[in-house]
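Here's upload-v3.cif, which has mmCIF, C-alpha atoms:
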```cif
data_final
#
loop_
_atom_site.label_atom_id
_atom_site.label_comp_id
_atom_site.auth_asym_id
_atom_site.auth_seq_id
_atom_site.Cartn_x
_atom_site.Cartn_y
_atom_site.Cartn_z
CA MET L 15 90.19 86.17 122.78
CA LYS L 16 91.11 84.76 119.39
CA PRO L 17 90.53 87.07 116.41
CA LYS L 18 87.32 86.27 114.55
CA LEU L 19 87.38 86.54 110.76
CA HIS L 20 84.07 86.94 108.95
CA GLY L 21 84.79 85.99 105.35
CA TYR L 22 83.94 83.95 102.29
CA TRP L 23 86.14 81.28 100.76
CA ARG L 24 86.26 82.87 97.29
CA SER L 25 86.43 86.52 98.37
CA SER L 26 89.84 87.93 97.37
CA ALA L 27 89.89 90.34 100.28
CA SER L 28 89.06 87.56 102.79
CA TYR L 29 91.75 85.42 101.18
CA ARG L 30 94.33 88.19 101.72
CA VAL L 31 93.57 88.34 105.44
CA ARG L 32 93.73 84.55 105.73
CA ILE L 33 97.16 84.59 104.07
CA ALA L 34 98.43 87.27 106.46
CA LEU L 35 97.10 85.41 109.51
CA ALA L 36 98.62 82.14 108.30
CA LEU L 37 102.03 83.67 107.50
CA LYS L 38 102.13 85.18 110.98
CA GLY L 39 100.93 81.97 112.62
CA ILE L 40 97.97 83.70 114.28
CA GLU L 41 95.16 81.37 115.39
CA TYR L 42 91.68 82.66 114.65
CA ASP L 43 88.07 81.64 114.33
CA TYR L 44 86.58 81.71 110.85
CA VAL L 45 82.91 82.65 110.42
CA PRO L 46 81.69 82.03 106.87
CA VAL L 47 79.47 84.71 105.31
CA HIS L 48 77.92 83.21 102.20
CA LEU L 49 77.87 85.95 99.55
CA LEU L 50 75.31 84.22 97.33
CA ARG L 51 72.98 82.19 99.59
CA ASP L 52 69.63 83.82 100.46
CA GLY L 53 70.50 86.83 98.30
CA GLY L 54 73.78 87.26 100.19
CA GLU L 55 74.33 86.83 103.93
CA GLN L 56 76.47 89.99 103.93
CA LYS L 57 73.21 91.94 103.45
CA SER L 58 71.63 90.54 106.65
CA ALA L 59 70.81 92.96 109.47
CA ARG L 60 73.13 90.98 111.72
CA TYR L 61 76.13 91.34 109.41
CA GLN L 62 75.42 95.01 108.80
CA GLN L 63 75.88 95.56 112.54
CA LEU L 64 79.48 94.46 111.97
CA ASN L 65 79.97 96.15 108.63
CA PRO L 66 77.39 98.51 107.11
CA ALA L 67 79.18 98.31 103.74
CA GLN L 68 77.90 94.70 103.43
CA LEU L 69 81.29 93.51 102.27
CA VAL L 70 83.70 90.87 103.57
CA PRO L 71 86.01 90.51 105.38
CA THR L 72 85.44 91.92 108.83
CA LEU L 73 87.88 91.06 111.60
CA GLU L 74 87.02 91.26 115.28
CA ILE L 75 90.25 91.52 117.21
CA ALA L 76 91.44 92.75 120.59
CA ASN L 77 92.87 96.24 120.69
CA THR L 78 96.21 95.54 122.35
CA ALA L 79 96.25 99.08 123.78
CA ASN L 80 93.10 98.76 125.90
CA GLY L 81 91.67 95.24 125.56
CA GLU L 82 88.50 96.43 123.81
CA THR L 83 87.28 94.64 120.69
CA LEU L 84 88.13 96.34 117.44
CA CYS L 85 85.82 95.62 114.54
CA LEU L 86 87.78 96.26 111.36
CA ASN L 87 86.82 96.04 107.72
CA GLN L 88 89.07 96.67 104.71
CA SER L 89 91.62 93.90 104.28
CA LEU L 90 94.60 96.24 103.89
CA ALA L 91 93.75 98.15 107.06
CA ILE L 92 93.42 94.81 108.84
CA ILE L 93 96.77 93.54 107.56
CA GLU L 94 98.55 96.80 108.46
CA TYR L 95 97.17 96.37 112.01
CA LEU L 96 98.31 92.73 112.16
CA ASP L 97 101.74 93.82 110.96
CA ALA L 98 101.97 96.40 113.75
CA ILE L 99 100.90 94.10 116.57
CA TYR L 100 102.49 90.84 115.36
CA PRO L 101 105.76 92.13 113.87
CA ALA L 102 107.70 88.84 114.18
CA VAL L 103 106.84 88.10 110.54
CA ARG L 104 106.82 91.48 108.80
CA LEU L 105 104.82 91.91 105.61
CA ILE L 106 105.68 95.60 105.23
CA PRO L 107 109.36 96.55 105.49
CA ALA L 108 110.42 98.98 108.23
CA ASP L 109 112.27 101.24 105.79
CA PRO L 110 109.79 103.86 104.49
CA ALA L 111 110.96 103.74 100.87
CA GLN L 112 110.84 99.95 100.76
CA ALA L 113 107.45 100.03 102.45
CA ALA L 114 106.25 102.49 99.80
CA VAL L 115 107.19 100.16 96.97
CA VAL L 116 105.56 97.17 98.69
CA ARG L 117 102.35 99.12 99.33
CA MET L 118 102.41 100.35 95.74
CA LEU L 119 102.63 96.79 94.39
CA ALA L 120 99.92 95.66 96.81
CA LEU L 121 97.60 98.47 95.73
CA ASP L 122 98.14 97.66 92.05
CA MET L 123 96.15 94.53 92.91
CA ALA L 124 93.96 95.74 95.76
CA ALA L 125 92.92 99.11 94.33
CA ASP L 126 93.32 98.84 90.55
CA LEU L 127 92.13 95.28 89.94
CA GLN L 128 90.12 93.68 92.73
CA PRO L 129 87.45 96.37 93.28
CA VAL L 130 86.64 96.51 89.58
CA THR L 131 86.19 92.75 89.25
CA ASN L 132 84.51 91.76 92.50
CA LEU L 133 81.17 90.01 92.81
CA ARG L 134 78.93 93.04 93.30
CA VAL L 135 80.38 94.78 90.24
CA LEU L 136 79.84 91.69 88.10
CA GLN L 137 76.29 91.43 89.44
CA ALA L 138 75.62 95.10 88.62
CA LEU L 139 76.73 94.60 85.01
CA THR L 140 74.06 92.00 84.37
CA THR L 141 71.29 93.03 86.78
CA ASP L 142 71.43 96.86 86.79
CA PHE L 143 72.84 97.34 83.29
CA ALA L 144 71.29 94.36 81.53
CA LEU L 145 74.49 93.07 79.94
CA PRO L 146 74.54 89.34 79.05
CA GLU L 147 76.14 86.79 81.42
CA THR L 148 79.07 86.46 79.00
CA ALA L 149 80.00 90.09 79.73
CA LYS L 150 81.23 89.07 83.20
CA GLY L 151 84.09 86.98 81.84
CA GLU L 152 85.01 89.60 79.25
CA TRP L 153 84.98 92.32 81.92
CA ILE L 154 87.33 90.31 84.14
CA LYS L 155 89.71 89.52 81.30
CA LEU L 156 89.87 93.20 80.29
CA TRP L 157 91.04 94.37 83.72
CA VAL L 158 93.19 91.36 84.57
CA THR L 159 95.19 91.57 81.36
CA ARG L 160 95.71 95.35 81.64
CA THR L 161 96.76 95.09 85.27
CA PHE L 162 98.97 92.03 84.91
CA ALA L 163 100.77 93.51 81.87
CA ALA L 164 101.81 96.53 83.95
CA PHE L 165 102.54 94.39 87.00
CA GLU L 166 104.83 92.12 84.99
CA GLN L 167 106.96 95.18 84.21
CA ARG L 168 107.08 96.11 87.88
CA LEU L 169 108.14 92.55 88.76
CA GLN L 170 111.02 92.81 86.26
CA ARG L 171 112.25 95.70 88.33
CA TYR L 172 111.44 94.64 91.90
CA ALA L 173 110.95 90.87 92.11
CA GLY L 174 113.34 88.34 93.56
CA HIS L 175 112.01 85.04 94.80
CA TYR L 176 108.78 86.95 95.58
CA CYS L 177 107.21 90.23 94.33
CA TYR L 178 109.62 92.45 96.22
CA GLY L 179 112.98 90.83 96.75
CA ASP L 180 113.30 87.55 98.57
CA HIS L 181 110.85 88.01 101.44
CA VAL L 182 107.10 87.52 101.34
CA THR L 183 105.40 90.91 101.62
CA LEU L 184 101.99 92.52 101.42
CA ALA L 185 102.48 92.62 97.64
CA ASP L 186 102.46 88.81 97.50
CA VAL L 187 99.48 88.67 99.87
CA CYS L 188 97.51 90.79 97.39
CA LEU L 189 98.79 89.10 94.23
CA VAL L 190 97.86 85.51 95.11
CA PRO L 191 94.04 85.96 95.25
CA GLN L 192 94.02 87.90 91.98
CA VAL L 193 95.94 85.14 90.21
CA TYR L 194 93.57 82.57 91.70
CA ASN L 195 90.65 84.54 90.22
CA ALA L 196 92.37 85.00 86.89
CA LYS L 197 92.90 81.25 86.57
CA ARG L 198 89.31 80.60 87.56
CA PHE L 199 88.14 82.78 84.68
CA GLY L 200 90.57 81.17 82.24
CA VAL L 201 92.95 84.09 81.73
CA ASP L 202 96.10 83.00 79.89
CA LEU L 203 99.10 83.73 82.14
CA THR L 204 101.86 82.84 79.66
CA PRO L 205 102.54 86.54 78.83
CA TYR L 206 103.62 87.06 82.47
CA PRO L 207 106.65 84.85 83.18
CA ASN L 208 107.82 86.76 86.26
CA LEU L 209 104.35 86.63 87.73
CA GLN L 210 104.14 82.89 87.10
CA ARG L 211 107.54 82.29 88.70
CA VAL L 212 106.64 84.32 91.82
CA ILE L 213 103.29 82.56 92.13
CA ALA L 214 104.94 79.12 91.90
CA ASN L 215 107.26 80.12 94.75
CA LEU L 216 104.32 81.35 96.83
CA GLU L 217 102.17 78.29 96.16
CA ALA L 218 104.92 76.13 97.67
CA LEU L 219 104.52 77.77 101.11
CA PRO L 220 102.42 75.83 103.67
CA ALA L 221 100.84 79.07 104.96
CA LEU L 222 99.57 79.86 101.49
CA GLN L 223 98.12 76.38 101.16
CA MET L 224 96.29 76.75 104.51
CA ALA L 225 94.78 80.04 103.36
CA ALA L 226 93.60 78.80 99.95
CA PRO L 227 89.86 79.01 99.18
CA GLU L 228 89.54 75.25 98.72
CA ALA L 229 91.02 74.63 102.20
CA GLN L 230 88.25 76.60 103.98
CA VAL L 231 85.27 75.06 105.76
CA ASP L 232 82.88 76.91 103.43
CA ALA L 233 84.62 75.81 100.22
CA ASN L 234 82.21 74.83 97.46
CA SER L 235 79.26 75.52 99.76
CA MET U 26 115.22 118.23 94.65
CA LYS U 27 111.55 119.10 95.04
CA PRO U 28 109.10 116.22 94.66
CA LYS U 29 107.52 116.10 91.21
CA LEU U 30 103.85 115.14 91.01
CA HIS U 31 102.54 113.87 87.68
CA GLY U 32 98.77 114.24 87.89
CA TYR U 33 95.54 115.49 86.41
CA TRP U 34 93.31 118.16 87.95
CA ARG U 35 90.19 115.99 88.07
CA SER U 36 91.83 112.68 89.00
CA SER U 37 90.70 111.71 92.52
CA ALA U 38 93.94 109.93 93.27
CA SER U 39 96.02 112.95 92.14
CA TYR U 40 93.77 115.19 94.23
CA ARG U 41 94.47 113.03 97.33
CA VAL U 42 98.22 113.45 96.93
CA ARG U 43 97.85 117.22 96.40
CA ILE U 44 95.83 117.43 99.63
CA ALA U 45 98.47 115.50 101.58
CA LEU U 46 101.30 117.65 100.18
CA ALA U 47 99.38 120.86 100.96
CA LEU U 48 98.45 119.78 104.51
CA LYS U 49 102.11 118.98 105.18
CA GLY U 50 103.32 122.20 103.56
CA ILE U 51 105.59 120.34 101.13
CA GLU U 52 106.60 122.32 98.04
CA TYR U 53 106.50 120.35 94.82
CA ASP U 54 106.45 120.68 91.05
CA TYR U 55 103.23 119.71 89.31
CA VAL U 56 103.39 118.09 85.87
CA PRO U 57 99.95 117.82 84.25
CA VAL U 58 99.14 114.57 82.43
CA HIS U 59 96.01 115.17 80.37
CA LEU U 60 93.90 112.02 80.61
CA LEU U 61 91.73 112.85 77.59
CA ARG U 62 93.88 114.84 75.14
CA ASP U 63 95.41 112.85 72.22
CA GLY U 64 93.70 109.69 73.45
CA GLY U 65 95.23 110.18 76.91
CA GLU U 66 98.76 111.39 77.67
CA GLN U 67 99.03 108.69 80.37
CA LYS U 68 99.27 106.17 77.51
CA SER U 69 102.35 107.85 75.97
CA ALA U 70 105.62 105.89 75.86
CA ARG U 71 107.21 108.63 77.96
CA TYR U 72 104.66 108.37 80.77
CA GLN U 73 104.76 104.57 80.69
CA GLN U 74 108.45 104.81 81.57
CA LEU U 75 107.31 106.38 84.84
CA ASN U 76 104.26 104.20 85.35
CA PRO U 77 103.48 101.20 83.13
CA ALA U 78 99.93 101.06 84.56
CA GLN U 79 99.16 104.27 82.60
CA LEU U 80 97.42 105.79 85.60
CA VAL U 81 97.97 108.98 87.57
CA PRO U 82 99.41 110.05 89.92
CA THR U 83 103.10 109.25 89.93
CA LEU U 84 105.38 111.01 92.40
CA GLU U 85 109.11 111.36 91.89
CA ILE U 86 110.68 112.03 95.27
CA ALA U 87 114.05 111.65 96.96
CA ASN U 88 114.54 108.53 99.02
CA THR U 89 115.68 110.10 102.30
CA ALA U 90 117.66 106.94 103.12
CA ASN U 91 120.06 107.10 100.16
CA GLY U 92 119.30 110.21 98.08
CA GLU U 93 118.16 108.21 95.05
CA THR U 94 114.95 109.15 93.25
CA LEU U 95 111.94 107.04 94.12
CA CYS U 96 109.26 106.81 91.48
CA LEU U 97 106.02 105.92 93.24
CA ASN U 98 102.53 105.31 91.95
CA GLN U 99 99.42 104.49 94.03
CA SER U 100 98.25 107.53 95.97
CA LEU U 101 97.91 105.69 99.29
CA ALA U 102 101.44 104.30 99.07
CA ILE U 103 102.66 107.82 98.28
CA ILE U 104 100.81 109.38 101.22
CA GLU U 105 102.02 106.68 103.64
CA TYR U 106 105.57 107.53 102.51
CA LEU U 107 104.99 111.27 102.96
CA ASP U 108 103.59 110.56 106.42
CA ALA U 109 106.71 108.63 107.36
CA ILE U 110 109.23 111.20 106.13
CA TYR U 111 107.31 114.41 106.98
CA PRO U 112 105.69 113.43 110.29
CA ALA U 113 105.21 116.99 111.60
CA VAL U 114 101.61 116.88 110.32
CA ARG U 115 100.49 113.29 110.76
CA LEU U 116 97.67 111.94 108.62
CA ILE U 117 97.82 108.43 110.13
CA PRO U 118 97.80 108.17 113.93
CA ALA U 119 100.77 106.53 115.64
CA ASP U 120 98.55 104.18 117.67
CA PRO U 121 98.01 100.99 115.62
CA ALA U 122 94.30 100.63 116.42
CA GLN U 123 93.56 104.27 115.60
CA ALA U 124 95.63 103.92 112.44
CA ALA U 125 93.60 100.85 111.50
CA VAL U 126 90.32 102.74 111.74
CA VAL U 127 91.71 105.67 109.73
CA ARG U 128 93.03 103.36 107.01
CA MET U 129 89.71 101.51 106.99
CA LEU U 130 87.76 104.73 106.42
CA ALA U 131 90.25 105.83 103.77
CA LEU U 132 89.95 102.51 101.92
CA ASP U 133 86.15 102.71 101.98
CA MET U 134 86.70 105.57 99.53
CA ALA U 135 89.95 104.55 97.87
CA ALA U 136 89.25 100.84 97.35
CA ASP U 137 85.45 100.47 97.35
CA LEU U 138 84.39 103.60 95.48
CA GLN U 139 87.09 105.33 93.46
CA PRO U 140 88.40 102.38 91.40
CA VAL U 141 84.91 101.41 90.31
CA THR U 142 84.00 104.91 89.14
CA ASN U 143 87.20 106.19 87.57
CA LEU U 144 87.61 107.38 84.03
CA ARG U 145 88.86 104.15 82.45
CA VAL U 146 85.99 102.14 83.90
CA LEU U 147 83.43 104.66 82.62
CA GLN U 148 85.12 104.55 79.22
CA ALA U 149 85.01 100.74 79.17
CA LEU U 150 81.26 100.73 79.85
CA THR U 151 80.52 102.67 76.70
CA THR U 152 83.38 101.65 74.40
CA ASP U 153 84.02 97.98 75.24
CA PHE U 154 80.50 97.09 76.42
CA ALA U 155 78.45 99.38 74.18
CA LEU U 156 76.31 100.88 76.94
CA PRO U 157 74.81 104.31 76.20
CA GLU U 158 76.51 107.51 77.51
CA THR U 159 73.75 107.87 80.12
CA ALA U 160 74.95 104.64 81.75
CA LYS U 161 78.03 106.50 83.07
CA GLY U 162 76.02 108.75 85.37
CA GLU U 163 73.81 105.87 86.54
CA TRP U 164 76.89 103.75 87.24
CA ILE U 165 78.46 106.51 89.35
CA LYS U 166 75.25 107.13 91.31
CA LEU U 167 74.87 103.42 92.07
CA TRP U 168 78.29 103.12 93.70
CA VAL U 169 78.35 106.56 95.32
CA THR U 170 74.99 106.09 97.05
CA ARG U 171 75.85 102.58 98.29
CA THR U 172 79.24 103.67 99.58
CA PHE U 173 78.11 106.95 101.14
CA ALA U 174 75.18 105.25 102.93
CA ALA U 175 77.60 102.90 104.69
CA PHE U 176 80.14 105.66 105.26
CA GLU U 177 77.51 107.88 106.90
CA GLN U 178 77.02 105.12 109.49
CA ARG U 179 80.75 104.93 110.10
CA LEU U 180 80.89 108.71 110.55
CA GLN U 181 78.14 108.49 113.19
CA ARG U 182 80.52 106.29 115.13
CA TYR U 183 83.91 107.83 114.44
CA ALA U 184 83.55 111.44 113.27
CA GLY U 185 84.26 114.57 115.25
CA HIS U 186 85.09 117.77 113.44
CA TYR U 187 86.54 115.53 110.72
CA CYS U 188 86.06 111.87 109.67
CA TYR U 189 88.00 110.47 112.61
CA GLY U 190 87.85 112.71 115.66
CA ASP U 191 89.05 116.27 115.50
CA HIS U 192 92.22 115.96 113.44
CA VAL U 193 92.47 115.76 109.67
CA THR U 194 93.53 112.25 108.66
CA LEU U 195 94.00 110.08 105.61
CA ALA U 196 90.27 109.37 105.78
CA ASP U 197 89.49 113.03 105.03
CA VAL U 198 92.13 113.10 102.31
CA CYS U 199 90.30 110.25 100.55
CA LEU U 200 86.76 111.50 101.21
CA VAL U 201 87.13 114.98 99.71
CA PRO U 202 87.79 113.93 96.07
CA GLN U 203 84.92 111.44 96.13
CA VAL U 204 82.50 114.11 97.35
CA TYR U 205 83.80 116.47 94.67
CA ASN U 206 83.03 113.80 92.05
CA ALA U 207 79.63 113.01 93.53
CA LYS U 208 78.63 116.69 93.33
CA ARG U 209 79.92 116.88 89.77
CA PHE U 210 77.62 114.02 88.80
CA GLY U 211 74.66 115.53 90.65
CA VAL U 212 74.38 113.02 93.49
CA ASP U 213 72.00 114.25 96.23
CA LEU U 214 73.99 114.50 99.48
CA THR U 215 71.08 115.35 101.81
CA PRO U 216 70.82 111.72 103.09
CA TYR U 217 74.34 112.08 104.55
CA PRO U 218 74.31 114.88 107.17
CA ASN U 219 77.50 113.81 108.93
CA LEU U 220 79.31 113.60 105.64
CA GLN U 221 78.11 117.08 104.68
CA ARG U 222 79.18 118.53 108.03
CA VAL U 223 82.68 117.01 107.80
CA ILE U 224 83.07 118.19 104.22
CA ALA U 225 82.08 121.76 105.15
CA ASN U 226 84.76 121.72 107.87
CA LEU U 227 87.34 120.42 105.41
CA GLU U 228 86.44 122.90 102.67
CA ALA U 229 87.23 125.74 105.10
CA LEU U 230 90.90 124.72 105.29
CA PRO U 231 93.34 126.73 103.10
CA ALA U 232 95.34 123.56 102.27
CA LEU U 233 92.22 121.94 100.88
CA GLN U 234 91.49 125.00 98.78
CA MET U 235 95.04 124.96 97.36
CA ALA U 236 94.64 121.31 96.39
CA ALA U 237 91.24 121.66 94.71
CA PRO U 238 90.96 120.68 91.03
CA GLU U 239 89.93 124.19 89.97
CA ALA U 240 93.05 125.69 91.61
CA GLN U 241 95.44 123.66 89.41
CA VAL U 242 97.27 124.97 86.35
CA ASP U 243 95.59 122.34 84.17
CA ALA U 244 92.05 123.10 85.39
CA ASN U 245 89.46 123.11 82.61
CA SER U 246 92.18 122.38 80.03
#
```
Let me see the file written as structure tokens.
Amino acid sequence: MKPKLHGYWRSSASYRVRIALALKGIEYDYVPVHLLRDGGEQKSARYQQLNPAQLVPTLEIANTANGETLCLNQSLAIIEYLDAIYPAVRLIPADPAQAAVVRMLALDMAADLQPVTNLRVLQALTTDFALPETAKGEWIKLWVTRTFAAFEQRLQRYAGHYCYGDHVTLADVCLVPQVYNAKRFGVDLTPYPNLQRVIANLEALPALQMAAPEAQVDANS
Amino acid sequence: MKPKLHGYWRSSASYRVRIALALKGIEYDYVPVHLLRDGGEQKSARYQQLNPAQLVPTLEIANTANGETLCLNQSLAIIEYLDAIYPAVRLIPADPAQAAVVRMLALDMAADLQPVTNLRVLQALTTDFALPETAKGEWIKLWVTRTFAAFEQRLQRYAGHYCYGDHVTLADVCLVPQVYNAKRFGVDLTPYPNLQRVIANLEALPALQMAAPEAQVDANS
């Protein structure tokens, strides 16, 4: 059975899992879950059977230990699992201290930035708290600029060709979707030269191009 | 050298690291970083040397591979490191599929809930977006109730005495501080009987009591 990824082209967390699958060369089926159509397909009873949190992505994948189907949410938990069962291309170093730094850089994006700027939070600002539509862009810029300023300092210390040395890691997997979003909302990236250099190196990789939002079957749908 | 934890009594992410250290029986020095005093000690030049993101916690700890001092932020990266170098009490199962489910449950709290409800986000709502003070409590209740409703369903599937079976895991480490915060903001927990049962089991553990916010030297400071 091929893994089945339930995701959305513009979801950062779905994008992360696509990057990890592509870097590892894992074939999978992609099932689009449209986050806006019909009030959001992630809220359907059918999708909630897969993931009661009504968030994407969810990955259905064989448990290599017993052949049962695992149904996993949370992109970082998914990628850690992929790294354990497909270790030929490692995204998390084997050395615990190096792994700690890579996870730390990844979480700077995946815990400090993405959750605060995702679709449901932006929707809550305008629907539940009656802020104007323009608040969404301001909100995103506030958190992107704070997070990228700190991340630029970490890159000065840890980056080589990529975020952590010269191998693609989980840190890069988490950075790419946040930079994609930042560009989409018109954030100026010139204050972050290391980040721009790393992103240019990542964008040159075929796996990253395969995983890009615009390359998905549900792009612009 | 003992590990040195820079944290704040009420910070959820600091609380997680204290729980992990206490469960593993690791002695450490605790350095309070007051998040409110003088505009926030985490914004001081001195603290930014440790962590440019101006967030707690930061852990200084020996790299067992070479004796150098590692300076780690991101509570989950820290706890993964502690789990690798002090494996006598494991918080993440060795089996990859079990580990995936534990990380998934942990991230439901650490990625979906905590980042959206932390201090700097609450401050931004009122200072940068001019919402009234009462919006803070409403904001917290919105995200806590959505997240706990989904988590209750996951507990029905995975919980035993604790969140995942009958051993304390990273999922419990991440749940406890979010329940502490929910109670502090008056969220009604009666819709979540599995969550309440697991929390009662966790609160009975001496390590959890040692790690509690009120047991810290900077409590109520």
Could you pull the residues within 7 Å of U:Ile44, counting all atoms listed in the file, minus those fewer than 4 positions along the same chain, as a ChimeraX atom specification?
-> /U:40,48,198,232-233,236
Stretch 20-24 of chain L: which residues within 6 Å, counting all atoms listed in the file, same-chain residues fewer than 5 positions away excluded, as number ranges by chain?
-> L: 45-47, 70-72, 227, 233
Quick one: contact table of chain U to chain L, 6 Å max, nearest atom pair and distance in Å to one decimal per residue, counting only C-alpha atoms, chain and number order, as a Markdown table?
```
| residue | atom | partner | partner_atom | distance |
| --- | --- | --- | --- | --- |
| U:Pro77 | CA | L:Ala164 | CA | 5.0 |
| U:Ala78 | CA | L:Ala164 | CA | 4.9 |
| U:Gln99 | CA | L:Met118 | CA | 5.4 |
| U:Ala102 | CA | L:Ala114 | CA | 5.2 |
| U:Tyr106 | CA | L:Ala114 | CA | 5.8 |
| U:Pro121 | CA | L:Tyr95 | CA | 5.9 |
| U:Ala125 | CA | L:Ala91 | CA | 5.2 |
| U:Arg128 | CA | L:Ala91 | CA | 5.3 |
| U:Met129 | CA | L:Ala91 | CA | 5.3 |
| U:Ala136 | CA | L:Ala125 | CA | 5.1 |
| U:Val141 | CA | L:Val130 | CA | 5.2 |
| U:Ala175 | CA | L:Ala67 | CA | 4.9 |
```
Report the distance between atom CA of U:Ala113 and atom CA of L:Arg104 in Å, rounded to one decimal place.
->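 Atom CA of U:Ala113 sits 25.7 Å away from atom CA of L:Arg104.
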Answer key for the PyMOL selection byres ((chain L and resi 183) around 6), residues as JSON, numbers by chain | {"L": [105, 106, 182, 184, 185, 186]}
Could you expand the PyMOL selection byres ((chain U and resi 220) around 10) into the explicit residues it covers here, written as a PyMOL selection string?
-> chain U and resi 173-174+176-181+184+187-188+200-201+204+214-219+221-225
Excluding stretch 42-44 of chain L and any residue of its chain fewer than 4 positions from it, enumerate the residues within 9 Å of it, using only C-alpha atoms, and give them as a ChimeraX atom specification.
-> /L:15-21,35,230-231
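For the set U:Lys208, U:Lys166, U:Arg182, U:Arg43, the residue with the smallest atom-to-atom gap to U:Leu84 is U:Arg43, counting all atoms listed in the file.
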Atomic distance atom CA of L:Val31 - atom CA of L:Tyr178, expressed in Å with one decimal =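 Computing the Euclidean distance for atom CA of L:Val31 and atom CA of L:Tyr178 yields 19.0 Å.
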Rounded to one decimal place, report the atom CA of L:Cys188-atom CA of L:Met123 distance in Å.
-> 6.0 Å
When distances are computed from all atoms listed in the file, which of U:Arg41, U:His186, U:Arg145, U:His192 shows the smallest separation from U:Lys68?
->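 Among U:Arg41, U:His186, U:Arg145, U:His192, it is U:Arg145 that comes nearest to U:Lys68.
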Determine, counting only C-alpha atoms, which protein, DNA and RNA residues have an atom within 9 Å of an atom of L:Val201; residues of the same chain fewer than 6 positions away are not included. Present the result as a VMD selection string.
-> chain L and resid 154 to 155 158 to 159 195
